[in-house]
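Have a look at input.txt; it's compact mmCIF, C-alpha atoms:
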```
# COMPACT_ATOMS: atom_id res chain seq x y z
CA MET A 1 -6.73 -37.99 5.47
CA LYS A 2 -8.36 -34.57 5.06
CA GLY A 3 -6.74 -31.95 7.26
CA ILE A 4 -3.26 -33.52 7.15
CA GLN A 5 -0.45 -32.75 4.72
CA ALA A 6 2.58 -35.06 5.07
CA ILE A 7 5.80 -33.36 3.99
CA GLU A 8 9.04 -35.25 3.47
CA GLY A 9 12.06 -33.93 5.34
CA ASP A 10 15.80 -34.18 4.72
CA ASP A 11 16.97 -36.00 7.85
CA ILE A 12 16.53 -39.52 9.23
CA THR A 13 15.33 -39.54 12.83
CA ASP A 14 12.81 -41.38 14.95
CA TRP A 15 11.21 -38.03 15.84
CA VAL A 16 8.28 -36.67 13.82
CA ALA A 17 7.30 -32.99 13.64
CA ILE A 18 3.75 -31.68 13.65
CA VAL A 19 3.21 -28.04 12.68
CA VAL A 20 -0.13 -26.31 13.17
CA HIS A 21 -1.00 -22.85 11.82
CA GLY A 22 -2.78 -19.96 13.51
CA SER A 23 -6.32 -18.67 13.27
CA THR A 24 -7.78 -17.92 9.79
CA GLN A 25 -4.65 -19.32 8.12
CA SER A 26 -4.37 -22.78 6.54
CA SER A 27 -1.82 -25.59 6.73
CA TYR A 28 1.72 -24.46 5.96
CA ASP A 29 3.20 -25.96 2.79
CA ALA A 30 6.76 -27.16 2.21
CA ASN A 31 7.94 -23.66 1.28
CA HIS A 32 6.70 -21.97 4.44
CA PRO A 33 9.71 -20.74 6.46
CA LEU A 34 8.68 -22.72 9.55
CA VAL A 35 8.28 -25.97 7.61
CA ALA A 36 11.47 -25.30 5.65
CA CYS A 37 13.29 -24.97 8.98
CA LEU A 38 11.83 -28.24 10.31
CA ARG A 39 12.57 -30.13 7.09
CA THR A 40 16.29 -29.93 7.81
CA ARG A 41 15.79 -31.73 11.15
CA PHE A 42 13.07 -34.35 10.55
CA SER A 43 12.19 -37.08 8.06
CA THR A 44 8.46 -36.29 8.20
CA ILE A 45 6.50 -33.15 9.00
CA TYR A 46 2.74 -33.31 9.36
CA SER A 47 1.19 -29.94 8.54
CA ILE A 48 -2.31 -29.75 10.02
CA ASP A 49 -5.43 -27.73 9.21
CA LEU A 50 -7.37 -26.45 12.21
CA PRO A 51 -11.13 -27.08 12.41
CA GLY A 52 -13.07 -24.91 9.96
CA HIS A 53 -9.86 -23.87 8.19
CA GLY A 54 -8.42 -24.69 4.76
CA SER A 55 -9.32 -28.22 3.71
CA LEU A 56 -11.65 -28.46 6.74
CA GLN A 57 -13.63 -25.34 5.79
CA LEU A 58 -17.21 -24.98 6.96
CA LYS A 59 -19.94 -26.36 4.68
CA SER A 60 -22.83 -24.25 5.97
CA ASP A 61 -23.51 -21.01 7.79
CA ARG A 62 -24.04 -22.87 11.07
CA GLU A 63 -21.37 -21.84 13.57
CA LEU A 64 -18.91 -24.44 14.78
CA THR A 65 -18.96 -24.76 18.57
CA TYR A 66 -15.73 -25.13 20.49
CA GLU A 67 -16.75 -28.65 21.56
CA GLU A 68 -17.23 -29.67 17.91
CA ALA A 69 -13.98 -27.97 16.87
CA ASN A 70 -12.00 -29.65 19.62
CA SER A 71 -13.37 -33.07 18.70
CA GLN A 72 -12.42 -32.50 15.06
CA TYR A 73 -8.95 -31.27 16.07
CA LEU A 74 -8.28 -34.46 18.03
CA SER A 75 -9.58 -36.68 15.22
CA VAL A 76 -7.02 -35.11 12.87
CA VAL A 77 -4.02 -34.81 15.21
CA LEU A 78 -4.17 -38.04 17.24
CA PRO A 79 -3.48 -40.37 14.27
CA CYS A 80 -0.26 -38.40 13.66
CA VAL A 81 0.74 -38.61 17.32
CA GLU A 82 -0.06 -42.20 18.26
CA ARG A 83 2.96 -44.20 19.42
CA ARG A 84 5.44 -41.73 17.97
CA LYS A 85 8.07 -39.38 19.37
CA ILE A 86 6.62 -35.99 18.50
CA VAL A 87 7.79 -32.39 18.37
CA TYR A 88 4.63 -30.29 18.14
CA VAL A 89 5.21 -26.75 16.82
CA GLY A 90 2.06 -24.65 17.05
CA PHE A 91 1.50 -21.02 16.15
CA SER A 92 -1.12 -18.99 18.02
CA LEU A 93 -4.45 -20.86 17.82
CA GLY A 94 -2.58 -23.97 16.71
CA ALA A 95 -0.71 -23.84 20.00
CA ILE A 96 -3.80 -23.07 22.07
CA PHE A 97 -5.60 -26.21 20.86
CA ALA A 98 -2.54 -28.26 21.81
CA ILE A 99 -2.31 -26.72 25.28
CA LYS A 100 -5.98 -27.49 25.83
CA ASN A 101 -5.38 -31.13 24.86
CA TRP A 102 -1.83 -31.70 26.10
CA LYS A 103 -2.80 -34.62 28.34
CA GLU A 104 -4.55 -36.42 25.47
CA LEU A 105 -1.60 -35.81 23.15
CA SER A 106 0.89 -36.93 25.80
CA ASP A 107 -1.05 -40.09 26.56
CA ALA A 108 -1.18 -41.03 22.87
CA SER A 109 2.49 -40.38 22.05
CA ASP A 110 5.66 -42.19 23.08
CA GLU A 111 7.34 -38.85 23.81
CA LEU A 112 6.11 -35.30 23.31
CA ILE A 113 7.80 -31.89 23.12
CA GLY A 114 5.80 -28.71 22.59
CA ILE A 115 7.13 -25.50 21.05
CA PHE A 116 4.43 -22.82 21.16
CA ILE A 117 4.87 -19.62 19.16
CA GLY A 118 2.85 -16.47 19.75
CA THR A 119 0.78 -17.74 22.65
CA GLY A 120 0.97 -17.97 26.42
CA LEU A 121 -0.59 -19.54 29.47
CA HIS A 122 -2.66 -16.64 30.74
CA PHE A 123 -5.64 -14.83 29.25
CA SER A 124 -6.32 -11.42 30.76
CA GLU A 125 -9.52 -9.44 30.28
CA THR A 126 -7.58 -7.10 28.01
CA SER A 127 -6.29 -9.95 25.87
CA LEU A 128 -9.81 -11.36 25.54
CA GLN A 129 -11.05 -7.98 24.35
CA ASN A 130 -8.24 -7.82 21.80
CA ILE A 131 -9.04 -11.31 20.55
CA SER A 132 -12.75 -10.52 20.26
CA MET A 133 -12.07 -7.32 18.31
CA PHE A 134 -9.79 -9.14 15.88
CA PHE A 135 -12.35 -11.77 14.81
CA THR A 136 -14.85 -9.43 13.22
CA VAL A 137 -15.81 -9.07 9.56
CA ARG A 138 -15.21 -5.32 9.80
CA HIS A 139 -11.60 -5.86 10.89
CA TYR A 140 -10.93 -8.27 8.03
CA ARG A 141 -12.53 -5.95 5.47
CA ILE A 142 -10.49 -2.97 6.67
CA SER A 143 -7.33 -5.11 6.58
CA GLY A 144 -8.01 -6.13 2.97
CA TRP A 145 -8.14 -9.83 3.78
CA VAL A 146 -11.54 -10.71 2.29
CA SER A 147 -10.24 -12.26 -0.94
CA ILE A 148 -7.69 -14.45 0.83
CA MET A 149 -10.32 -15.53 3.37
CA GLU A 150 -12.66 -16.54 0.55
CA GLU A 151 -9.83 -18.44 -1.14
CA LEU A 152 -8.72 -20.27 2.01
CA HIS A 153 -12.02 -20.85 3.76
CA GLY A 154 -14.76 -20.71 1.15
CA PRO A 155 -18.10 -18.85 1.26
CA TYR A 156 -18.59 -19.30 5.01
CA TRP A 157 -15.47 -17.50 6.18
CA GLN A 158 -17.59 -15.00 8.12
CA THR A 159 -19.15 -17.89 10.02
CA LEU A 160 -15.64 -19.11 10.83
CA LEU A 161 -14.76 -15.72 12.30
CA SER A 162 -17.91 -15.71 14.41
CA SER A 163 -17.22 -19.26 15.56
CA ILE A 164 -13.67 -18.46 16.70
CA ARG A 165 -14.84 -15.34 18.51
CA LYS A 166 -17.29 -17.44 20.50
CA TRP A 167 -14.66 -20.11 21.28
CA PHE A 168 -12.96 -17.47 23.43
CA SER A 169 -16.16 -16.21 25.05
CA PRO A 170 -16.38 -16.68 28.84
CA GLU A 171 -20.15 -17.14 28.33
CA ALA A 172 -19.64 -20.24 26.15
CA SER A 173 -19.32 -23.59 27.89
CA PRO A 174 -17.11 -25.36 27.13
CA ASN A 175 -14.76 -22.78 25.63
CA ILE A 176 -11.11 -22.45 24.68
CA LEU A 177 -10.02 -20.70 27.88
CA TYR A 178 -7.51 -22.76 29.86
CA SER A 179 -8.52 -24.55 33.02
CA SER A 180 -6.14 -24.72 35.98
CA SER A 181 -5.62 -28.45 35.40
CA GLU A 182 -4.71 -27.86 31.75
CA ILE A 183 -2.13 -25.26 32.78
CA GLU A 184 -0.70 -27.63 35.40
CA THR A 185 -0.34 -30.37 32.76
CA VAL A 186 1.67 -28.06 30.50
CA LEU A 187 3.81 -26.81 33.39
CA GLY A 188 4.86 -30.38 34.14
CA SER A 189 5.75 -31.18 30.51
CA ASN A 190 8.49 -30.47 27.98
CA THR A 191 6.87 -27.30 26.66
CA TYR A 192 8.54 -24.11 25.48
CA PHE A 193 7.22 -20.70 24.43
CA ILE A 194 8.42 -18.08 21.94
CA VAL A 195 6.48 -14.83 22.21
CA GLY A 196 6.88 -11.24 21.05
CA ASN A 197 7.18 -8.48 23.62
CA ARG A 198 4.59 -6.45 21.68
CA ASP A 199 2.14 -9.28 21.17
CA GLN A 200 -1.45 -8.02 21.36
CA ALA A 201 -2.91 -11.01 23.19
CA PHE A 202 0.12 -12.54 24.91
CA GLY A 203 3.03 -10.61 26.33
CA ALA A 204 5.34 -11.17 29.26
CA ASP A 205 2.39 -11.11 31.69
CA ALA A 206 1.13 -14.32 30.05
CA PHE A 207 3.93 -16.19 31.82
CA TYR A 208 3.50 -15.18 35.44
CA VAL A 209 3.38 -18.91 36.27
CA PHE A 210 7.11 -19.19 35.50
CA SER A 211 9.99 -17.88 37.59
CA GLU A 212 12.22 -15.22 36.05
CA SER A 213 15.05 -17.73 35.74
CA GLN A 214 12.97 -19.69 33.22
CA ILE A 215 12.50 -16.66 30.95
CA ILE A 216 15.18 -15.23 28.66
CA ASP A 217 14.75 -11.83 27.03
CA LEU A 218 16.08 -11.73 23.46
CA THR A 219 14.34 -8.53 22.39
CA THR A 220 17.56 -6.56 21.93
CA TYR A 221 19.01 -9.32 19.75
CA THR A 222 16.09 -9.63 17.35
CA PRO A 223 17.14 -6.88 14.87
CA GLN A 224 20.67 -8.28 14.71
CA PHE A 225 19.44 -11.54 13.20
CA LEU A 226 19.03 -9.76 9.87
CA ALA A 227 22.78 -9.12 9.77
CA PRO A 228 25.12 -11.35 7.69
CA SER A 229 26.76 -12.71 10.87
CA PRO A 230 24.18 -12.68 13.63
CA PRO A 231 25.22 -13.11 17.27
CA ASP A 232 24.74 -16.33 19.22
CA PRO A 233 23.29 -15.24 22.57
CA LEU A 234 22.11 -18.75 23.51
CA ARG A 235 25.50 -20.44 23.20
CA GLY A 236 26.25 -22.00 26.55
CA GLU A 237 22.90 -20.89 27.95
CA PRO A 238 20.70 -23.45 29.72
CA LEU A 239 17.36 -24.43 28.25
CA HIS A 240 14.66 -21.89 29.10
CA ARG A 241 10.89 -22.28 29.11
CA VAL A 242 10.04 -18.83 27.68
CA TYR A 243 11.88 -16.82 25.02
CA LEU A 244 10.86 -13.18 24.59
CA ILE A 245 11.65 -11.67 21.19
CA SER A 246 11.02 -8.22 19.80
CA GLY A 247 8.01 -8.01 17.59
CA HIS A 248 4.38 -8.25 16.82
CA HIS A 249 2.20 -11.36 16.69
CA PHE A 250 1.67 -11.16 12.93
CA SER A 251 5.33 -10.64 12.03
CA TYR A 252 6.59 -14.00 13.31
CA PHE A 253 6.41 -15.77 9.97
CA HIS A 254 7.47 -12.91 7.75
CA PRO A 255 10.89 -14.02 6.45
CA LYS A 256 12.25 -10.46 6.65
CA ALA A 257 10.84 -9.74 10.08
CA ALA A 258 11.11 -11.81 13.25
CA PHE A 259 11.28 -15.30 11.77
CA PRO A 260 15.11 -15.59 11.74
CA ILE A 261 15.22 -15.41 15.53
CA VAL A 262 12.17 -17.68 15.83
CA ALA A 263 14.04 -20.30 13.81
CA TYR A 264 17.18 -19.74 15.87
CA VAL A 265 15.35 -20.29 19.16
CA LEU A 266 13.46 -23.28 17.75
CA ASN A 267 16.71 -24.95 16.68
CA ASP A 268 18.29 -24.24 20.05
CA ILE A 269 15.36 -25.98 21.80
CA LEU A 270 15.63 -28.96 19.44
CA ASP A 271 19.41 -29.21 19.99
CA LYS A 272 18.93 -29.26 23.78
CA THR A 273 16.03 -31.73 23.83
CA CYS A 274 15.41 -34.41 21.20
CA PHE A 275 18.72 -33.88 19.31
CA SER A 276 21.02 -33.51 22.31
```

Mind turning this structure into C-alpha cells?
Amino acid sequence: MKGIQAIEGDDITDWVAIVVHGSTQSSYDANHPLVACLRTRFSTIYSIDLPGHGSLQLKSDRELTYEEANSQYLSVVLPCVERRKIVYVGFSLGAIFAIKNWKELSDASDELIGIFIGTGLHFSETSLQNISMFFTVRHYRISGWVSIMEELHGPYWQTLLSSIRKWFSPEASPNILYSSSEIETVLGSNTYFIVGNRDQAFGADAFYVFSESQIIDLTTYTPQFLAPSPPDPLRGEPLHRVYLISGHHFSYFHPKAAFPIVAYVLNDILDKTCFS
C-alpha cells in the first residue's frame, strides 16, 4: 500500500513497531538510526509517510486541508494497527497526528504504546509563531533545503509547506491543535515523551499537565553518551512519562548528536513496558 514501507526486523515478538517521520521529511528507511534501533527489538517495523509527504506527495497546487490530511493519515496507519500489539514511535509531526487520533488508534489495536519524540502536549502562542515561521518558502531557501524538498515531495513542495502552516492555524477549523479531550485520552494511556530542553516549539512548559515526579531531566547526561562507556542514569529508575534531553529539535536523529540518548531512553521504555 502506498505510504507504508514494511521493514523486517531481527527479533521474534508479537509486538509490531510503527515509526512515523516529522514534517517535510519522508518515511525512514532501514538504515535510519531510529529504524535500526527498532529492528533489534521487533520482527516488523512499518515506516509511514505522512499526508503530502514522500510517496504521498501532492499532485496539484491545491492545498491539503487538515481534515483531508487527517483522513489520509488514518487510512494509511489503521491497517497497520488493526488487531495488533503496537509500539508507535513518532517524531514531531508524526507524533502530533498520533496524539490527535490516539482514541481511534487505541480502539483499533489490541494494545498500544506511544513514544513521542520532539513534541509535547501544549501549544503556546510563542510555539505557534515559531511553527508558522518555520513553514515558509523563504526559510527553506535560506536553509538550502530546496533541492531535497523537490526530491522528496515533487514540484508542489511549496504547497505542502503552506498546507502544514495552515494545519496549525487557530483560524482553520478543524486544525491540528489539540482539544482537551484529546489531551485527556493521551494522559490516560501508555504514552511517553522525549523532548529537548532547547526545542523551539516544545520545551519543558509543554508538559505542565504532568507532575514533576513524572519528568526526569537527562540534559546533563546527554553529552556523555558520545563517550566509549556512557553512564546508565536510568538503571533502577521507575518508568517516567517525560524525558528531557539536551538539544535542539533538529538534532535528534543526527547519529553524532542527540540520537544516542534518544535510543537509550527508547530502549528503557521498551524494557519497562512491552518487553518487561

Determine, counting all atoms listed in the file, which protein, DNA and RNA residues have an atom within 8 Å of an atom of Ser23 in chain A; residues of the same chain fewer than 6 positions away are not included. Present the result as a ChimeraX atom specification. /A:50,92-94

Using all atoms listed in the file, which residues sit within 12 Å of range 30-37 of chain A once same-chain residues fewer than 2 positions away are excluded, as a PyMOL selection string? chain A and resi 5-11+17-21+26-28+39-48+88-91+115+117+252-267+270

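Here CA of Met1 in chain A stands at a distance of 17.2 Å from CA of Val16 in chain A.
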
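The residues that lie within 7 Å of the point (6.9, -41.1, 20.7), counting all atoms listed in the file, are Arg83, Arg84, Lys85, Ile86, Ser109, Asp110, Glu111 and Leu112 of chain A.
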
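Straight-line separation from CA of Phe202 in chain A to CA of Ala227 in chain A: 27.5 Å.
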
Filtering to C-alpha atoms, could range 1-153 of chain A of the supplied structure be written out as a PDB file, in the first residue's frame?
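Dumped everything to part37.pdb:
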```pdb
ATOM      1  CA  MET A   1       0.000   0.000   0.000  1.00  0.00           C
ATOM      2  CA  LYS A   2       1.301   3.474  -0.870  1.00  0.00           C
ATOM      3  CA  GLY A   3       2.558   5.328   2.186  1.00  0.00           C
ATOM      4  CA  ILE A   4       3.717   2.198   4.030  1.00  0.00           C
ATOM      5  CA  GLN A   5       7.163   0.612   3.972  1.00  0.00           C
ATOM      6  CA  ALA A   6       7.371  -2.741   5.800  1.00  0.00           C
ATOM      7  CA  ILE A   7      10.856  -3.409   7.168  1.00  0.00           C
ATOM      8  CA  GLU A   8      11.912  -6.795   8.503  1.00  0.00           C
ATOM      9  CA  GLY A   9      13.401  -6.808  11.987  1.00  0.00           C
ATOM     10  CA  ASP A  10      15.769  -9.181  13.777  1.00  0.00           C
ATOM     11  CA  ASP A  11      13.628 -10.360  16.689  1.00  0.00           C
ATOM     12  CA  ILE A  12      10.527 -12.531  17.031  1.00  0.00           C
ATOM     13  CA  THR A  13       7.796 -10.882  19.087  1.00  0.00           C
ATOM     14  CA  ASP A  14       4.053 -10.397  18.940  1.00  0.00           C
ATOM     15  CA  TRP A  15       4.606  -6.623  19.096  1.00  0.00           C
ATOM     16  CA  VAL A  16       4.834  -4.556  15.898  1.00  0.00           C
ATOM     17  CA  ALA A  17       6.542  -1.152  15.644  1.00  0.00           C
ATOM     18  CA  ILE A  18       5.243   1.786  13.640  1.00  0.00           C
ATOM     19  CA  VAL A  19       7.620   4.697  13.032  1.00  0.00           C
ATOM     20  CA  VAL A  20       6.425   7.993  11.587  1.00  0.00           C
ATOM     21  CA  HIS A  21       8.713  10.820  10.455  1.00  0.00           C
ATOM     22  CA  GLY A  22       8.445  14.558  11.059  1.00  0.00           C
ATOM     23  CA  SER A  23       7.275  17.407   8.864  1.00  0.00           C
ATOM     24  CA  THR A  24       8.816  17.783   5.361  1.00  0.00           C
ATOM     25  CA  GLN A  25      10.744  14.520   5.801  1.00  0.00           C
ATOM     26  CA  SER A  26       9.753  11.163   4.296  1.00  0.00           C
ATOM     27  CA  SER A  27       9.470   7.625   5.635  1.00  0.00           C
ATOM     28  CA  TYR A  28      12.630   6.420   7.362  1.00  0.00           C
ATOM     29  CA  ASP A  29      14.376   3.522   5.613  1.00  0.00           C
ATOM     30  CA  ALA A  30      16.063   0.507   7.195  1.00  0.00           C
ATOM     31  CA  ASN A  31      19.336   2.397   7.653  1.00  0.00           C
ATOM     32  CA  HIS A  32      17.841   5.310   9.568  1.00  0.00           C
ATOM     33  CA  PRO A  33      19.184   5.263  13.158  1.00  0.00           C
ATOM     34  CA  LEU A  34      15.692   5.121  14.667  1.00  0.00           C
ATOM     35  CA  VAL A  35      14.624   2.190  12.476  1.00  0.00           C
ATOM     36  CA  ALA A  36      17.975   0.462  13.012  1.00  0.00           C
ATOM     37  CA  CYS A  37      17.366   0.705  16.758  1.00  0.00           C
ATOM     38  CA  LEU A  38      13.842  -0.731  16.470  1.00  0.00           C
ATOM     39  CA  ARG A  39      14.958  -3.561  14.164  1.00  0.00           C
ATOM     40  CA  THR A  40      16.835  -5.169  17.043  1.00  0.00           C
ATOM     41  CA  ARG A  41      13.612  -5.383  19.091  1.00  0.00           C
ATOM     42  CA  PHE A  42      10.824  -6.189  16.602  1.00  0.00           C
ATOM     43  CA  SER A  43      10.094  -8.608  13.770  1.00  0.00           C
ATOM     44  CA  THR A  44       8.314  -5.959  11.688  1.00  0.00           C
ATOM     45  CA  ILE A  45       8.577  -2.178  11.522  1.00  0.00           C
ATOM     46  CA  TYR A  46       6.092  -0.205   9.469  1.00  0.00           C
ATOM     47  CA  SER A  47       7.640   3.077   8.322  1.00  0.00           C
ATOM     48  CA  ILE A  48       4.892   5.508   7.346  1.00  0.00           C
ATOM     49  CA  ASP A  49       4.723   8.553   5.059  1.00  0.00           C
ATOM     50  CA  LEU A  50       2.670  11.463   6.374  1.00  0.00           C
ATOM     51  CA  PRO A  51      -0.007  13.022   4.130  1.00  0.00           C
ATOM     52  CA  GLY A  52       1.521  15.080   1.321  1.00  0.00           C
ATOM     53  CA  HIS A  53       4.995  13.692   2.056  1.00  0.00           C
ATOM     54  CA  GLY A  54       7.261  11.290   0.164  1.00  0.00           C
ATOM     55  CA  SER A  55       5.248   8.662  -1.667  1.00  0.00           C
ATOM     56  CA  LEU A  56       2.058  10.577  -0.773  1.00  0.00           C
ATOM     57  CA  GLN A  57       3.279  13.844  -2.321  1.00  0.00           C
ATOM     58  CA  LEU A  58       0.751  16.368  -3.566  1.00  0.00           C
ATOM     59  CA  LYS A  59      -0.374  16.070  -7.198  1.00  0.00           C
ATOM     60  CA  SER A  60      -1.532  19.659  -7.698  1.00  0.00           C
ATOM     61  CA  ASP A  61      -1.040  23.128  -6.271  1.00  0.00           C
ATOM     62  CA  ARG A  62      -4.271  22.866  -4.290  1.00  0.00           C
ATOM     63  CA  GLU A  63      -3.510  22.979  -0.573  1.00  0.00           C
ATOM     64  CA  LEU A  64      -4.297  19.942   1.542  1.00  0.00           C
ATOM     65  CA  THR A  65      -6.640  20.799   4.414  1.00  0.00           C
ATOM     66  CA  TYR A  66      -6.055  19.330   7.846  1.00  0.00           C
ATOM     67  CA  GLU A  67      -9.315  17.381   7.584  1.00  0.00           C
ATOM     68  CA  GLU A  68      -8.157  15.784   4.316  1.00  0.00           C
ATOM     69  CA  ALA A  69      -4.683  15.102   5.728  1.00  0.00           C
ATOM     70  CA  ASN A  70      -6.065  13.502   8.865  1.00  0.00           C
ATOM     71  CA  SER A  71      -8.359  11.238   6.856  1.00  0.00           C
ATOM     72  CA  GLN A  72      -5.434  10.143   4.686  1.00  0.00           C
ATOM     73  CA  TYR A  73      -3.259   9.567   7.764  1.00  0.00           C
ATOM     74  CA  LEU A  74      -5.850   7.231   9.284  1.00  0.00           C
ATOM     75  CA  SER A  75      -6.337   5.352   6.006  1.00  0.00           C
ATOM     76  CA  VAL A  76      -2.605   4.568   5.958  1.00  0.00           C
ATOM     77  CA  VAL A  77      -1.998   3.871   9.658  1.00  0.00           C
ATOM     78  CA  LEU A  78      -5.125   1.968  10.725  1.00  0.00           C
ATOM     79  CA  PRO A  79      -4.439  -1.109   8.533  1.00  0.00           C
ATOM     80  CA  CYS A  80      -1.058  -1.431  10.295  1.00  0.00           C
ATOM     81  CA  VAL A  81      -2.658  -1.082  13.726  1.00  0.00           C
ATOM     82  CA  GLU A  82      -5.764  -3.245  13.487  1.00  0.00           C
ATOM     83  CA  ARG A  83      -5.835  -6.112  15.983  1.00  0.00           C
ATOM     84  CA  ARG A  84      -2.124  -5.891  16.711  1.00  0.00           C
ATOM     85  CA  LYS A  85       0.008  -5.011  19.726  1.00  0.00           C
ATOM     86  CA  ILE A  86       1.650  -1.784  18.606  1.00  0.00           C
ATOM     87  CA  VAL A  87       4.530   0.418  19.698  1.00  0.00           C
ATOM     88  CA  TYR A  88       4.058   3.710  17.856  1.00  0.00           C
ATOM     89  CA  VAL A  89       7.217   5.840  17.651  1.00  0.00           C
ATOM     90  CA  GLY A  90       6.501   9.262  16.168  1.00  0.00           C
ATOM     91  CA  PHE A  91       8.824  12.182  15.603  1.00  0.00           C
ATOM     92  CA  SER A  92       7.448  15.743  15.717  1.00  0.00           C
ATOM     93  CA  LEU A  93       4.521  15.967  13.265  1.00  0.00           C
ATOM     94  CA  GLY A  94       4.393  12.169  13.139  1.00  0.00           C
ATOM     95  CA  ALA A  95       3.721  12.223  16.868  1.00  0.00           C
ATOM     96  CA  ILE A  96       1.215  15.074  16.674  1.00  0.00           C
ATOM     97  CA  PHE A  97      -1.006  13.184  14.218  1.00  0.00           C
ATOM     98  CA  ALA A  98      -0.965  10.192  16.567  1.00  0.00           C
ATOM     99  CA  ILE A  99      -1.863  12.292  19.611  1.00  0.00           C
ATOM    100  CA  LYS A 100      -4.767  13.785  17.683  1.00  0.00           C
ATOM    101  CA  ASN A 101      -6.026  10.292  16.814  1.00  0.00           C
ATOM    102  CA  TRP A 102      -4.989   8.299  19.881  1.00  0.00           C
ATOM    103  CA  LYS A 103      -8.525   7.134  20.646  1.00  0.00           C
ATOM    104  CA  GLU A 104      -9.003   5.810  17.106  1.00  0.00           C
ATOM    105  CA  LEU A 105      -5.625   4.066  17.194  1.00  0.00           C
ATOM    106  CA  SER A 106      -6.327   2.608  20.636  1.00  0.00           C
ATOM    107  CA  ASP A 107      -9.746   1.334  19.620  1.00  0.00           C
ATOM    108  CA  ALA A 108      -8.304  -0.396  16.538  1.00  0.00           C
ATOM    109  CA  SER A 109      -5.330  -2.070  18.245  1.00  0.00           C
ATOM    110  CA  ASP A 110      -5.130  -4.905  20.766  1.00  0.00           C
ATOM    111  CA  GLU A 111      -2.592  -2.931  22.796  1.00  0.00           C
ATOM    112  CA  LEU A 112      -0.930   0.403  22.122  1.00  0.00           C
ATOM    113  CA  ILE A 113       2.165   2.171  23.466  1.00  0.00           C
ATOM    114  CA  GLY A 114       3.177   5.612  22.238  1.00  0.00           C
ATOM    115  CA  ILE A 115       6.711   7.024  22.290  1.00  0.00           C
ATOM    116  CA  PHE A 116       6.657  10.627  21.065  1.00  0.00           C
ATOM    117  CA  ILE A 117       9.929  12.370  20.203  1.00  0.00           C
ATOM    118  CA  GLY A 118      10.276  16.128  19.832  1.00  0.00           C
ATOM    119  CA  THR A 119       6.700  17.041  20.648  1.00  0.00           C
ATOM    120  CA  GLY A 120       4.561  17.837  23.661  1.00  0.00           C
ATOM    121  CA  LEU A 121       1.018  18.289  24.876  1.00  0.00           C
ATOM    122  CA  HIS A 122       0.813  22.066  24.971  1.00  0.00           C
ATOM    123  CA  PHE A 123       0.986  24.672  22.211  1.00  0.00           C
ATOM    124  CA  SER A 124       1.759  28.181  23.424  1.00  0.00           C
ATOM    125  CA  GLU A 125       1.334  31.327  21.338  1.00  0.00           C
ATOM    126  CA  THR A 126       5.114  31.501  21.083  1.00  0.00           C
ATOM    127  CA  SER A 127       5.381  27.938  19.826  1.00  0.00           C
ATOM    128  CA  LEU A 128       2.686  28.590  17.223  1.00  0.00           C
ATOM    129  CA  GLN A 129       4.630  31.610  15.981  1.00  0.00           C
ATOM    130  CA  ASN A 130       7.786  29.512  15.749  1.00  0.00           C
ATOM    131  CA  ILE A 131       5.963  26.798  13.826  1.00  0.00           C
ATOM    132  CA  SER A 132       4.429  29.313  11.427  1.00  0.00           C
ATOM    133  CA  MET A 133       7.810  30.945  10.745  1.00  0.00           C
ATOM    134  CA  PHE A 134       9.413  27.590  10.022  1.00  0.00           C
ATOM    135  CA  PHE A 135       6.976  26.554   7.269  1.00  0.00           C
ATOM    136  CA  THR A 136       7.798  29.294   4.797  1.00  0.00           C
ATOM    137  CA  VAL A 137       9.497  29.041   1.413  1.00  0.00           C
ATOM    138  CA  ARG A 138      11.924  31.775   2.468  1.00  0.00           C
ATOM    139  CA  HIS A 139      13.101  29.738   5.460  1.00  0.00           C
ATOM    140  CA  TYR A 140      13.661  26.641   3.327  1.00  0.00           C
ATOM    141  CA  ARG A 141      15.533  28.614   0.663  1.00  0.00           C
ATOM    142  CA  ILE A 142      17.806  30.242   3.243  1.00  0.00           C
ATOM    143  CA  SER A 143      18.435  26.828   4.833  1.00  0.00           C
ATOM    144  CA  GLY A 144      19.460  25.344   1.472  1.00  0.00           C
ATOM    145  CA  TRP A 145      16.742  22.697   1.535  1.00  0.00           C
ATOM    146  CA  VAL A 146      15.082  23.385  -1.830  1.00  0.00           C
ATOM    147  CA  SER A 147      16.735  20.524  -3.750  1.00  0.00           C
ATOM    148  CA  ILE A 148      15.938  17.935  -1.090  1.00  0.00           C
ATOM    149  CA  MET A 149      12.347  19.201  -0.868  1.00  0.00           C
ATOM    150  CA  GLU A 150      11.973  18.836  -4.641  1.00  0.00           C
ATOM    151  CA  GLU A 151      13.433  15.332  -4.464  1.00  0.00           C
ATOM    152  CA  LEU A 152      11.240  14.178  -1.572  1.00  0.00           C
ATOM    153  CA  HIS A 153       7.997  15.986  -2.319  1.00  0.00           C
TER     154      HIS A 153
END
```
